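A short write-up of the structure that comes next.
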Amino acid sequence: MKTIIYIAGLYHSGSTLLDSVLSQYSNVLGLGEIYKQIIDGPNEICSCSNLPRNCIFWSYFYNDSICFPLSSSDVVSSYSRILQHINSNFPQYDFVVDSSKSHPFSMDMTFRNFRGLVYHTSQQEYRLKVIHLYRDPRSWVNSILAREHRSKRSLVGKFLFNPLFNRFARYFQWYFMHKRISKFLTIHNIDHLSVSYEELCFDSHLIIKNILNFLEFPSEISPINSISSTHILVGNPARFNKPFSNIPKYDSRWLARPFHLFDYIFSLLFSKMISQYVYPSSSDYYHADHD
Amino acid sequence: MTKSNIFFTVSTGLSVRNFFSSPVQNDLSLLSRDFNLIIITTPHLRHCFPKHLTVFPALHFKQNLLSRLFHFLMRVAFDSLYTTTTKSIIRKQPLVPSLKTSVTSFFVSIHPRSFTLYSFYRHLFSSSVHFLTSSIRSSYLNFNPKLVVSLNPLNFDEQLFTFTFSSITPTIGVVKSFDNISSDGFIPFLPDILCVWDTRMAVDSLNAYQISFPRVQIIGSPQFDDISVNFPFDNSHCLSPPVKILYCTNSPNIYPGDPIIASMLSDFAVTHNFQITIRLHQADNLARWHQFTNLPNVSLYAPHDVHHSPHTISASPQHLASLRHQISESCLVICSYSTIFYDSLSLNTPCINLGFDPEGIDAKYPITRADSFCHLEPFLTSPFVHTARNFSELFSLVSYYSTNSHSSSYSLQLQNFLRCLLPTNFNDSCISKLSNIISSTIYDDMSSNNVSSS
């Protein structure tokens with residue numbers, strides 16, 4: 001039985017990086033944010049450096065007149081077709097990475113905004129393993145605000161997304177969305193591992209080893225340092241970096257920006273969650289020292 | 001050694017046909033080698049079962065006013081919590097407009113989206129039916145059931161019966177049709193295991209009830225158990241004269257335009273020299289088809305009998321067998337927003353969807369509201385079902401399909417499409433999967449009881 005590695009978490013949390021790191025292994029197929037691709041359509045170029053029509057994986061959906069283009073509001077059909085394509089034409093891959101994460105904003109109790117995760121939880125042909133990816137909320141909020149700064153918005157948009165309100169709202173978004181993802185994983189009894197972007201960058205070897213253990217990865221498989229098994233059509237532009245380095249590089253730009261009062265307040269408010277999930281190894285050291 | 005008893009609640013003819021008198025594969029009656037199957041059904045279905053099964057025609061429970069009120073409130077609270085595209089469309093433009101649907105829609109629109117309220121109503125309802133459930137339990141308790149299987153968990157009487165025994169025995173619910181959860185989904189007392197047809201329904205179950213595997217089991221569709229074995233790649237024989245076209249009507253309440261379209265098609269058939277078989281829906285009204293009985297190019301197939309209800313018609317194994325036979329003889333199937341799409345495509349026969357209302361019919365809402373129904377979306381967005389939006393499109397599609405066969409690559413793509421929709425039916429038989437779930441549930445329950453008693 002093949003395994004779906006689903007990367008859950010918030011956008012701008014390093015999911016494409018993790019997808020790329022895992023796809024270095026010859027039995028892992030990295031497909032990026034499948035859900036976003038189904039809903040919004042593909043980006044122009046795949047991480048294998050080809051157009052979607054020429055990509056060895058995605059061309060199946062874009063060249064065949066009978067296989068209508070994949071983009072659709074019918075998420076279940078599109079996911080089913082992708083999984084069937086993998087089963088029929090890519091039997092060499094035991095693991096498939098979907099970094100669709102969990103799309104935010106809806107506070108709906110039915111988790112209907114977790115549509116990629118809901119699909120994989122419901123299908124019964126593949127084993128599901130979820131990596132719940134965290135990122136330091138200060139780093140995450142600053143990354144989102146930097147993106148907002150670059151984006152062009154209308155007057156109303158500028159008012160709604162003004163930096164002060166946005167900073168305040170994003171911290172809450174970070175907290176509640178991660179809580180909701182944890183709740184979803186717990187009530188559906190899904191096999192999952194919590195990993196943080198910071199850990200992945202600062203303690204890469206150990207974290208990757210932990211992830212591989214969690215995935216019950218065959219020990220004889222080693223990274224091949226090529227992009228042959230990544231076909232990420234939607235994701236961070238960093239997916240084009242090649243060959244992928246074994247050691248992920250940390251995005252430290254937020255440290256160069258001035259700290260805001262909210263950064264201090266919320267890092268104190270969420271300190272328990274941050275130490276538990278974002279810097280768990282440092283909190284272990286802390287407890288070990290004091291024990 | 002005495003056999004354990006299993007209760008099956010059966011309220012629809014479709015369930016009888018799919019699980020107890022299927023013409024295409026083994027049915028659940030085979031379980032009777034190991035268990036006593038006791039059928040609890042409605043009075044009008046009591047004669048439809050194989051003779052060796054014990055049948056109680058008792059599935060009709062009368063509620064008091066209070067329980068009706070709480071049941072209504074539960075439904076309103078559920079509908080406000082769980083919405084789908086289909087439900088939103090039906091709420092604004094019901095399939096069969098009535099005062100009841102209008103009142104329900106109004107209350108749904110003003111009711112708060114509160115799970116606490118829903119649970120509260122459920123508690124009130126279960127208290128209000130206490131006397132009813134105690135009398136049901138006392139009537140059947142001497143059978144000492146090891147399992148209760150509801151073959152249509154959305155039916156109120158089946159829900160009540162299952163709920164009555166849920167405290168003393170495991171329960172299984174088997175959803176009976178593609179659109180059951182996405183267009184309704186109201187199951188206030190969930191069974192321990194909910195069996196669904198495909199991943200789409202499993203996703204719906206997660207959204208509606210917050211349950212997933214192992215409480216939700218995908219078993220496939222019982223009426224398509226032979227899909228992988230009997231998929232015909234070559235249908236060219238259907239194009240040899242006289243070319244036949246199958247026209248399947250819908251319920252007159254849902255699509256009143258059928259006779260007008262059939263009339264235009266029969267005129268077209270005379271000029272183009274092909275035969276039309278008009279297959280009436282089991283709920284169709286024979287009176288509106290009298291004008292077609294003596295037309296030269298039209299044959300009318302009416303599975304009706306004055307003594308039978310739509311449920312007893314669909315309970316007959318002949319009903320499905322005749323449909324299959326008619327489809328496989330035809331070069332084309334025409335229907336309107338119907339799950340006949342599945343039957344047609346599973347026999348590699350092209351399908352045209354009637355996506356328009358002919359002029360002169362008295363329909364309150366347009367049939368095109370069904371374009372976005374969740375369970376039909378995969379077909380309507382696929383290249384395998386063509387929607388005709390007017391008569392000229394319909395005639396040009398009919399002309400094309402009555403003279404052209406499709407390529408083998410098309411057939412292969414169609415099979416892949418069906419494999420995506422119903423993968424379980426390609427891998428294993430639905431009936432055998434359900435039988436395994438029933439057996440394992442009983443044995444698991446017995447072993448856990450033994451452990452707890454020891």
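A note on labels: chains of the structure tokens are A, B, ... as shown, every chain counts residues from 1, and ligands are counted from 1 in their shown order.
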
Which residues, written as a PyMOL selection string, have at least one atom at most 12 Å from B:Leu31, with only C-alpha atoms counted and residues fewer than 2 positions away on the same chain left out?
-> chain B and resi 3-6+8+19-20+26-29+33-38+52-53+431-432+434-439

Extract, using only C-alpha atoms, all DNA, RNA and protein residues at most 7 Å from A:Ser102, discarding same-chain residues fewer than 3 positions from it, and format them as an NGL selection string.
-> :A and (8-10 or 113-114)

Quick one: which residues from chain B are at most 8 Å off chain A, using only C-alpha atoms, as a PyMOL selection string?
-> chain B and resi 82+199-200+202-203+206-208+210-213+218+377-378+382-383+410+413+417+420-421

Output for the residues just chosen: N, CA and C atoms as a PDB file, in the first residue's frame:
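Result saved to part27.pdb:
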```pdb
ATOM      1  N   TYR B  82     -25.109  21.520   8.404  1.00  0.00           N
ATOM      2  CA  TYR B  82     -24.473  20.817   7.282  1.00  0.00           C
ATOM      3  C   TYR B  82     -25.078  21.283   5.966  1.00  0.00           C
ATOM      4  N   THR B 199     -15.353   7.299  -2.244  1.00  0.00           N
ATOM      5  CA  THR B 199     -14.623   8.300  -1.461  1.00  0.00           C
ATOM      6  C   THR B 199     -15.422   9.594  -1.340  1.00  0.00           C
ATOM      7  N   ARG B 200     -16.153   9.934  -2.395  1.00  0.00           N
ATOM      8  CA  ARG B 200     -16.967  11.169  -2.349  1.00  0.00           C
ATOM      9  C   ARG B 200     -17.940  11.108  -1.180  1.00  0.00           C
ATOM     10  N   ALA B 202     -17.604   9.225   1.446  1.00  0.00           N
ATOM     11  CA  ALA B 202     -16.829   9.195   2.694  1.00  0.00           C
ATOM     12  C   ALA B 202     -16.448  10.624   3.102  1.00  0.00           C
ATOM     13  N   VAL B 203     -16.115  11.457   2.103  1.00  0.00           N
ATOM     14  CA  VAL B 203     -15.816  12.869   2.375  1.00  0.00           C
ATOM     15  C   VAL B 203     -17.069  13.563   2.914  1.00  0.00           C
ATOM     16  N   LEU B 206     -17.614  12.637   6.473  1.00  0.00           N
ATOM     17  CA  LEU B 206     -16.724  13.344   7.401  1.00  0.00           C
ATOM     18  C   LEU B 206     -17.237  14.765   7.643  1.00  0.00           C
ATOM     19  N   ASN B 207     -17.682  15.411   6.569  1.00  0.00           N
ATOM     20  CA  ASN B 207     -18.191  16.779   6.717  1.00  0.00           C
ATOM     21  C   ASN B 207     -19.493  16.823   7.513  1.00  0.00           C
ATOM     22  N   ALA B 208     -20.355  15.831   7.276  1.00  0.00           N
ATOM     23  CA  ALA B 208     -21.675  15.870   7.909  1.00  0.00           C
ATOM     24  C   ALA B 208     -21.650  15.360   9.345  1.00  0.00           C
ATOM     25  N   GLN B 210     -18.599  14.146  11.069  1.00  0.00           N
ATOM     26  CA  GLN B 210     -17.266  14.150  11.707  1.00  0.00           C
ATOM     27  C   GLN B 210     -16.766  12.745  11.984  1.00  0.00           C
ATOM     28  N   ILE B 211     -17.077  11.812  11.108  1.00  0.00           N
ATOM     29  CA  ILE B 211     -16.569  10.449  11.304  1.00  0.00           C
ATOM     30  C   ILE B 211     -15.756  10.024  10.082  1.00  0.00           C
ATOM     31  N   SER B 212     -14.778   9.172  10.326  1.00  0.00           N
ATOM     32  CA  SER B 212     -13.946   8.684   9.217  1.00  0.00           C
ATOM     33  C   SER B 212     -13.636   7.211   9.488  1.00  0.00           C
ATOM     34  N   PHE B 213     -12.761   6.624   8.653  1.00  0.00           N
ATOM     35  CA  PHE B 213     -12.367   5.232   8.826  1.00  0.00           C
ATOM     36  C   PHE B 213     -11.856   5.014  10.259  1.00  0.00           C
ATOM     37  N   ILE B 218     -15.747   2.173   2.983  1.00  0.00           N
ATOM     38  CA  ILE B 218     -16.129   2.280   1.568  1.00  0.00           C
ATOM     39  C   ILE B 218     -16.296   0.866   1.023  1.00  0.00           C
ATOM     40  N   GLU B 377     -22.032  16.129 -10.591  1.00  0.00           N
ATOM     41  CA  GLU B 377     -20.948  16.966 -11.107  1.00  0.00           C
ATOM     42  C   GLU B 377     -19.856  16.175 -11.851  1.00  0.00           C
ATOM     43  N   PRO B 378     -19.411  15.020 -11.303  1.00  0.00           N
ATOM     44  CA  PRO B 378     -18.366  14.287 -12.026  1.00  0.00           C
ATOM     45  C   PRO B 378     -18.785  13.908 -13.442  1.00  0.00           C
ATOM     46  N   SER B 382     -17.531  15.774 -17.151  1.00  0.00           N
ATOM     47  CA  SER B 382     -16.685  14.825 -17.874  1.00  0.00           C
ATOM     48  C   SER B 382     -17.002  14.876 -19.367  1.00  0.00           C
ATOM     49  N   PRO B 383     -16.112  14.329 -20.198  1.00  0.00           N
ATOM     50  CA  PRO B 383     -16.422  14.314 -21.636  1.00  0.00           C
ATOM     51  C   PRO B 383     -17.317  13.148 -22.026  1.00  0.00           C
ATOM     52  N   TYR B 410     -11.013   5.754 -26.317  1.00  0.00           N
ATOM     53  CA  TYR B 410     -12.134   6.391 -25.609  1.00  0.00           C
ATOM     54  C   TYR B 410     -12.692   5.423 -24.563  1.00  0.00           C
ATOM     55  N   GLN B 413     -10.400   5.205 -21.633  1.00  0.00           N
ATOM     56  CA  GLN B 413     -10.511   6.390 -20.781  1.00  0.00           C
ATOM     57  C   GLN B 413     -11.797   6.348 -19.959  1.00  0.00           C
ATOM     58  N   PHE B 417     -12.221   6.392 -15.986  1.00  0.00           N
ATOM     59  CA  PHE B 417     -13.114   7.355 -15.338  1.00  0.00           C
ATOM     60  C   PHE B 417     -14.002   6.634 -14.319  1.00  0.00           C
ATOM     61  N   CYS B 420     -12.139   5.583 -11.291  1.00  0.00           N
ATOM     62  CA  CYS B 420     -11.948   6.676 -10.330  1.00  0.00           C
ATOM     63  C   CYS B 420     -13.198   6.863  -9.479  1.00  0.00           C
ATOM     64  N   LEU B 421     -14.371   6.696 -10.106  1.00  0.00           N
ATOM     65  CA  LEU B 421     -15.615   6.921  -9.371  1.00  0.00           C
ATOM     66  C   LEU B 421     -15.909   5.799  -8.394  1.00  0.00           C
TER      67      LEU B 421
END
```

Identify, on the basis of only C-alpha atoms, every residue whose closest approach to B:Thr41 does not exceed 7 Å; exclude the query and any residue fewer than 6 positions from it along the same chain; express the result as number ranges by chain.
-> B: 9-11, 56-59

Next, dump the selected residues to file, keeping only C-alpha atoms, as an mmCIF file, in the first residue's frame.
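That gives us result.cif:
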```cif
data_model
loop_
_atom_site.group_PDB
_atom_site.id
_atom_site.type_symbol
_atom_site.label_atom_id
_atom_site.label_comp_id
_atom_site.auth_asym_id
_atom_site.auth_seq_id
_atom_site.Cartn_x
_atom_site.Cartn_y
_atom_site.Cartn_z
ATOM 1 C CA THR B 9 -34.267 -3.109 8.284
ATOM 2 C CA VAL B 10 -35.421 -2.615 4.691
ATOM 3 C CA SER B 11 -37.693 0.244 3.673
ATOM 4 C CA PHE B 56 -41.652 -9.024 9.713
ATOM 5 C CA PRO B 57 -43.687 -6.349 7.907
ATOM 6 C CA ALA B 58 -43.546 -4.012 10.900
ATOM 7 C CA LEU B 59 -41.484 -1.053 9.801
#
```

Please return as a ChimeraX atom specification: the residues of stretch 75-301 of chain B that backbone DSSP assigns to strand (DSSP E).
-> /B:145-150,171-174,193-196,216-218,244-248,275-279,298-301

For the selection you just gave me, I'd like the residues written to a file as a compact mmCIF listing (two decimals), in the first residue's frame, keeping N, CA, C and O atoms.
```txt
# COMPACT_ATOMS: atom_id res chain seq x y z
N PRO B 145 -30.81 -10.21 19.13
CA PRO B 145 -30.03 -9.90 17.92
C PRO B 145 -28.57 -9.62 18.24
O PRO B 145 -28.26 -9.01 19.26
N LYS B 146 -27.70 -10.09 17.35
CA LYS B 146 -26.26 -9.81 17.52
C LYS B 146 -25.83 -8.59 16.71
O LYS B 146 -24.73 -8.08 16.87
N LEU B 147 -26.72 -8.17 15.82
CA LEU B 147 -26.38 -7.03 14.97
C LEU B 147 -27.66 -6.49 14.34
O LEU B 147 -28.56 -7.27 14.01
N VAL B 148 -27.71 -5.17 14.16
CA VAL B 148 -28.82 -4.57 13.40
C VAL B 148 -28.20 -3.84 12.20
O VAL B 148 -27.31 -3.00 12.37
N VAL B 149 -28.67 -4.19 11.01
CA VAL B 149 -28.16 -3.56 9.79
C VAL B 149 -29.29 -2.77 9.15
O VAL B 149 -30.34 -3.33 8.81
N SER B 150 -29.08 -1.48 9.00
CA SER B 150 -30.08 -0.64 8.34
C SER B 150 -29.64 -0.43 6.90
O SER B 150 -28.54 0.07 6.66
N THR B 171 -24.44 -1.70 15.47
CA THR B 171 -25.34 -1.35 14.36
C THR B 171 -24.51 -0.94 13.14
O THR B 171 -23.42 -0.38 13.28
N ILE B 172 -25.06 -1.26 11.97
CA ILE B 172 -24.40 -0.89 10.71
C ILE B 172 -25.43 -0.19 9.84
O ILE B 172 -26.58 -0.63 9.76
N GLY B 173 -25.04 0.88 9.19
CA GLY B 173 -25.92 1.55 8.23
C GLY B 173 -25.29 1.50 6.85
O GLY B 173 -24.08 1.71 6.72
N VAL B 174 -26.07 1.17 5.84
CA VAL B 174 -25.55 1.11 4.48
C VAL B 174 -26.29 2.16 3.64
O VAL B 174 -27.49 2.04 3.42
N ILE B 193 -21.13 1.65 12.40
CA ILE B 193 -20.35 1.66 11.15
C ILE B 193 -21.27 2.16 10.05
O ILE B 193 -22.41 1.72 9.92
N LEU B 194 -20.76 3.09 9.26
CA LEU B 194 -21.54 3.60 8.14
C LEU B 194 -20.85 3.15 6.86
O LEU B 194 -19.69 3.48 6.63
N CYS B 195 -21.55 2.36 6.06
CA CYS B 195 -20.97 1.87 4.80
C CYS B 195 -21.41 2.78 3.66
O CYS B 195 -22.60 3.05 3.51
N VAL B 196 -20.45 3.26 2.90
CA VAL B 196 -20.76 4.17 1.80
C VAL B 196 -20.20 3.60 0.50
O VAL B 196 -19.44 2.63 0.51
N VAL B 216 -16.34 4.77 9.05
CA VAL B 216 -16.87 4.84 7.68
C VAL B 216 -16.12 3.82 6.84
O VAL B 216 -14.89 3.81 6.83
N GLN B 217 -16.85 2.96 6.18
CA GLN B 217 -16.21 1.94 5.34
C GLN B 217 -16.71 2.12 3.91
O GLN B 217 -17.91 2.19 3.66
N ILE B 218 -15.75 2.17 2.98
CA ILE B 218 -16.13 2.28 1.57
C ILE B 218 -16.30 0.87 1.02
O ILE B 218 -15.34 0.08 1.03
N LYS B 244 -31.04 1.52 -32.28
CA LYS B 244 -31.98 1.75 -31.17
C LYS B 244 -31.45 2.82 -30.22
O LYS B 244 -30.25 2.86 -29.94
N ILE B 245 -32.37 3.62 -29.72
CA ILE B 245 -32.02 4.64 -28.73
C ILE B 245 -32.92 4.44 -27.52
O ILE B 245 -34.12 4.20 -27.68
N LEU B 246 -32.30 4.50 -26.36
CA LEU B 246 -33.09 4.32 -25.13
C LEU B 246 -33.36 5.68 -24.50
O LEU B 246 -32.43 6.44 -24.24
N TYR B 247 -34.63 5.94 -24.27
CA TYR B 247 -35.01 7.20 -23.62
C TYR B 247 -35.55 6.85 -22.23
O TYR B 247 -36.59 6.20 -22.11
N CYS B 248 -34.85 7.25 -21.17
CA CYS B 248 -35.31 6.94 -19.81
C CYS B 248 -35.96 8.18 -19.22
O CYS B 248 -35.32 9.24 -19.12
N GLN B 275 -35.09 3.42 -34.03
CA GLN B 275 -36.11 3.00 -33.07
C GLN B 275 -35.85 3.66 -31.71
O GLN B 275 -34.69 3.73 -31.28
N ILE B 276 -36.92 4.09 -31.07
CA ILE B 276 -36.76 4.64 -29.72
C ILE B 276 -37.49 3.75 -28.73
O ILE B 276 -38.66 3.40 -28.95
N THR B 277 -36.80 3.36 -27.68
CA THR B 277 -37.46 2.67 -26.57
C THR B 277 -37.63 3.68 -25.44
O THR B 277 -36.64 4.25 -24.97
N ILE B 278 -38.87 3.92 -25.06
CA ILE B 278 -39.11 4.84 -23.95
C ILE B 278 -39.33 4.01 -22.70
O ILE B 278 -40.29 3.23 -22.61
N ARG B 279 -38.41 4.14 -21.77
CA ARG B 279 -38.50 3.38 -20.53
C ARG B 279 -39.02 4.31 -19.44
O ARG B 279 -38.37 5.29 -19.07
N VAL B 298 -41.61 3.77 -32.11
CA VAL B 298 -41.47 3.93 -30.66
C VAL B 298 -42.01 2.69 -29.95
O VAL B 298 -43.09 2.20 -30.26
N SER B 299 -41.22 2.16 -29.03
CA SER B 299 -41.77 1.11 -28.16
C SER B 299 -41.71 1.62 -26.72
O SER B 299 -40.72 2.23 -26.30
N LEU B 300 -42.79 1.37 -26.04
CA LEU B 300 -42.93 1.89 -24.68
C LEU B 300 -42.67 0.76 -23.69
O LEU B 300 -43.28 -0.30 -23.80
N TYR B 301 -41.76 0.98 -22.78
CA TYR B 301 -41.52 -0.04 -21.74
C TYR B 301 -41.97 0.54 -20.41
O TYR B 301 -41.39 1.50 -19.90
```

A:Ile45 environment, 9 Å, only C-alpha atoms, sequence neighbours closer than 3 positions dropped, as a ChimeraX atom specification | /A:42,48-52,55,232-234

Leaving out B:Thr84 and any residue of its chain fewer than 5 positions from it, which residues lie within 9 Å of it when counting only C-alpha atoms, given as a compact mmCIF listing (two decimals) with N, CA, C and O atoms, in the first residue's frame?
```txt
# COMPACT_ATOMS: atom_id res chain seq x y z
N ILE B 89 -29.15 24.55 -3.20
CA ILE B 89 -30.00 24.73 -4.39
C ILE B 89 -31.42 24.23 -4.09
O ILE B 89 -32.41 24.91 -4.37
N SER B 182 -25.19 13.91 0.23
CA SER B 182 -24.98 15.29 -0.26
C SER B 182 -26.28 16.06 -0.41
O SER B 182 -26.29 17.28 -0.31
N SER B 183 -27.42 15.37 -0.64
CA SER B 183 -28.66 16.11 -0.81
C SER B 183 -29.56 16.06 0.42
O SER B 183 -30.58 16.73 0.46
N ASP B 204 -18.22 13.28 2.28
CA ASP B 204 -19.48 13.85 2.75
C ASP B 204 -19.77 13.43 4.20
O ASP B 204 -20.24 14.23 5.01
N PHE B 373 -25.53 19.90 -8.91
CA PHE B 373 -25.72 18.88 -7.87
C PHE B 373 -24.41 18.10 -7.68
O PHE B 373 -23.81 17.64 -8.65
N CYS B 374 -24.03 17.95 -6.42
CA CYS B 374 -22.71 17.37 -6.12
C CYS B 374 -22.54 15.98 -6.74
O CYS B 374 -21.49 15.67 -7.30
```

Sorted by chain and rising residue number, list the residues of stretch 90-150 of chain A at most 6 Å from stretch 191-211 of chain A (counting only C-alpha atoms), each with its closest atom pair and distance in Å to one decimal, as a tab-separated table.
```
residue	atom	partner	partner_atom	distance
A:Lys129	CA	A:Asp191	CA	5.4
A:Val130	CA	A:His192	CA	4.5
A:Ile131	CA	A:Leu193	CA	4.9
A:His132	CA	A:Ser194	CA	4.6
A:Leu133	CA	A:Val195	CA	5.0
A:Tyr134	CA	A:Ser196	CA	4.4
A:Arg135	CA	A:Tyr197	CA	5.2
```

Dump as a PDB file, in the first residue's frame, selection limited to N, CA, C and O atoms:
```pdb
ATOM      1  N   LYS A 129      -0.074   9.537   6.335  1.00  0.00           N
ATOM      2  CA  LYS A 129       0.806  10.008   7.416  1.00  0.00           C
ATOM      3  C   LYS A 129       0.863  11.526   7.298  1.00  0.00           C
ATOM      4  O   LYS A 129       1.136  12.050   6.209  1.00  0.00           O
ATOM      5  N   VAL A 130       0.602  12.204   8.382  1.00  0.00           N
ATOM      6  CA  VAL A 130       0.548  13.662   8.330  1.00  0.00           C
ATOM      7  C   VAL A 130       1.728  14.262   9.084  1.00  0.00           C
ATOM      8  O   VAL A 130       2.049  13.840  10.199  1.00  0.00           O
ATOM      9  N   ILE A 131       2.384  15.216   8.429  1.00  0.00           N
ATOM     10  CA  ILE A 131       3.420  15.992   9.123  1.00  0.00           C
ATOM     11  C   ILE A 131       2.812  17.360   9.401  1.00  0.00           C
ATOM     12  O   ILE A 131       2.478  18.102   8.464  1.00  0.00           O
ATOM     13  N   HIS A 132       2.635  17.660  10.671  1.00  0.00           N
ATOM     14  CA  HIS A 132       2.054  18.946  11.059  1.00  0.00           C
ATOM     15  C   HIS A 132       3.200  19.936  11.211  1.00  0.00           C
ATOM     16  O   HIS A 132       4.012  19.827  12.125  1.00  0.00           O
ATOM     17  N   LEU A 133       3.257  20.878  10.272  1.00  0.00           N
ATOM     18  CA  LEU A 133       4.400  21.779  10.194  1.00  0.00           C
ATOM     19  C   LEU A 133       4.089  23.110  10.885  1.00  0.00           C
ATOM     20  O   LEU A 133       3.115  23.787  10.545  1.00  0.00           O
ATOM     21  N   TYR A 134       4.917  23.451  11.858  1.00  0.00           N
ATOM     22  CA  TYR A 134       4.784  24.730  12.563  1.00  0.00           C
ATOM     23  C   TYR A 134       5.889  25.673  12.107  1.00  0.00           C
ATOM     24  O   TYR A 134       6.913  25.226  11.585  1.00  0.00           O
ATOM     25  N   ARG A 135       5.663  26.944  12.349  1.00  0.00           N
ATOM     26  CA  ARG A 135       6.743  27.925  12.169  1.00  0.00           C
ATOM     27  C   ARG A 135       6.587  28.942  13.293  1.00  0.00           C
ATOM     28  O   ARG A 135       5.454  29.248  13.699  1.00  0.00           O
TER      29      ARG A 135
END
```

Residue list (alpha helix (DSSP H), DSSP) for stretch 135-291 of chain A, as JSON, numbers by chain | {"A": [137, 138, 139, 140, 141, 142, 143, 144, 145, 146, 147, 148, 149, 150, 155, 156, 157, 158, 159, 160, 163, 164, 165, 166, 167, 168, 169, 170, 171, 172, 173, 174, 175, 176, 177, 178, 179, 180, 181, 182, 183, 184, 185, 186, 187, 197, 198, 199, 200, 201, 202, 204, 205, 206, 207, 208, 209, 210, 211, 212, 213, 214, 253, 254, 255, 256, 261, 262, 263, 264, 265, 266, 267, 268, 269, 271, 272, 273, 280, 281, 282, 283, 284, 285, 286, 287, 288, 289, 290]}

Fewer than 2 positions away in the same chain doesn't count, so skip those; otherwise give me all residues within 12 Å of B:Thr249, counting only C-alpha atoms, as a PyMOL selection string.
-> chain B and resi 246-247+251-262+277-286+288-289+300-302+333-340+353-354

For those residues, write C-alpha atoms to a file as a PDB file, in the first residue's frame.
```
ATOM      1  CA  LEU B 246     -33.092   4.315 -25.134  1.00  0.00           C
ATOM      2  CA  TYR B 247     -35.008   7.204 -23.617  1.00  0.00           C
ATOM      3  CA  SER B 251     -40.251  11.286 -12.249  1.00  0.00           C
ATOM      4  CA  PRO B 252     -43.000  13.614 -13.625  1.00  0.00           C
ATOM      5  CA  ASN B 253     -42.747  15.801 -10.521  1.00  0.00           C
ATOM      6  CA  ILE B 254     -39.091  16.469 -11.226  1.00  0.00           C
ATOM      7  CA  TYR B 255     -39.107  16.653 -15.018  1.00  0.00           C
ATOM      8  CA  PRO B 256     -42.545  17.191 -16.576  1.00  0.00           C
ATOM      9  CA  GLY B 257     -41.058  17.842 -20.046  1.00  0.00           C
ATOM     10  CA  ASP B 258     -40.423  14.175 -20.917  1.00  0.00           C
ATOM     11  CA  PRO B 259     -43.504  13.580 -23.162  1.00  0.00           C
ATOM     12  CA  ILE B 260     -42.812  16.715 -25.246  1.00  0.00           C
ATOM     13  CA  ILE B 261     -39.192  15.728 -25.824  1.00  0.00           C
ATOM     14  CA  ALA B 262     -40.137  12.110 -26.538  1.00  0.00           C
ATOM     15  CA  THR B 277     -37.463   2.668 -26.567  1.00  0.00           C
ATOM     16  CA  ILE B 278     -39.110   4.842 -23.948  1.00  0.00           C
ATOM     17  CA  ARG B 279     -38.501   3.378 -20.526  1.00  0.00           C
ATOM     18  CA  LEU B 280     -40.809   4.878 -17.957  1.00  0.00           C
ATOM     19  CA  HIS B 281     -39.625   5.794 -14.488  1.00  0.00           C
ATOM     20  CA  GLN B 282     -41.182   3.605 -11.798  1.00  0.00           C
ATOM     21  CA  ALA B 283     -42.936   6.678 -10.394  1.00  0.00           C
ATOM     22  CA  ASP B 284     -44.104   7.856 -13.800  1.00  0.00           C
ATOM     23  CA  ASN B 285     -47.761   8.318 -14.652  1.00  0.00           C
ATOM     24  CA  LEU B 286     -48.915   5.959 -17.421  1.00  0.00           C
ATOM     25  CA  ARG B 288     -49.336  10.851 -19.927  1.00  0.00           C
ATOM     26  CA  TRP B 289     -47.856   8.253 -22.317  1.00  0.00           C
ATOM     27  CA  LEU B 300     -42.931   1.895 -24.683  1.00  0.00           C
ATOM     28  CA  TYR B 301     -41.523  -0.037 -21.739  1.00  0.00           C
ATOM     29  CA  ALA B 302     -43.565   0.456 -18.595  1.00  0.00           C
ATOM     30  CA  VAL B 333     -29.120   6.615 -23.770  1.00  0.00           C
ATOM     31  CA  ILE B 334     -31.033   9.851 -23.195  1.00  0.00           C
ATOM     32  CA  CYS B 335     -32.083  10.923 -19.718  1.00  0.00           C
ATOM     33  CA  SER B 336     -32.329  14.009 -17.579  1.00  0.00           C
ATOM     34  CA  TYR B 337     -30.022  14.467 -14.568  1.00  0.00           C
ATOM     35  CA  SER B 338     -30.327  10.851 -13.551  1.00  0.00           C
ATOM     36  CA  THR B 339     -27.967   8.273 -12.096  1.00  0.00           C
ATOM     37  CA  ILE B 340     -28.828   6.232 -15.205  1.00  0.00           C
ATOM     38  CA  ASN B 353     -28.299  14.644 -20.583  1.00  0.00           C
ATOM     39  CA  LEU B 354     -31.401  16.732 -21.233  1.00  0.00           C
TER      40      LEU B 354
END
```

Excluding B:Ser139 and any residue of its chain fewer than 3 positions from it, enumerate the residues within 12 Å of it, using only C-alpha atoms, and give them as a PyMOL selection string.
-> chain B and resi 56+58+132-136+142-144+161+164-165

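Across the structure, atom CA of A:Asn166 and atom CA of A:Ser15 are spaced 22.4 Å apart.
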
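A straight line drawn from atom CA of B:Pro242 to atom CA of B:Asp226 is 28.3 Å long.
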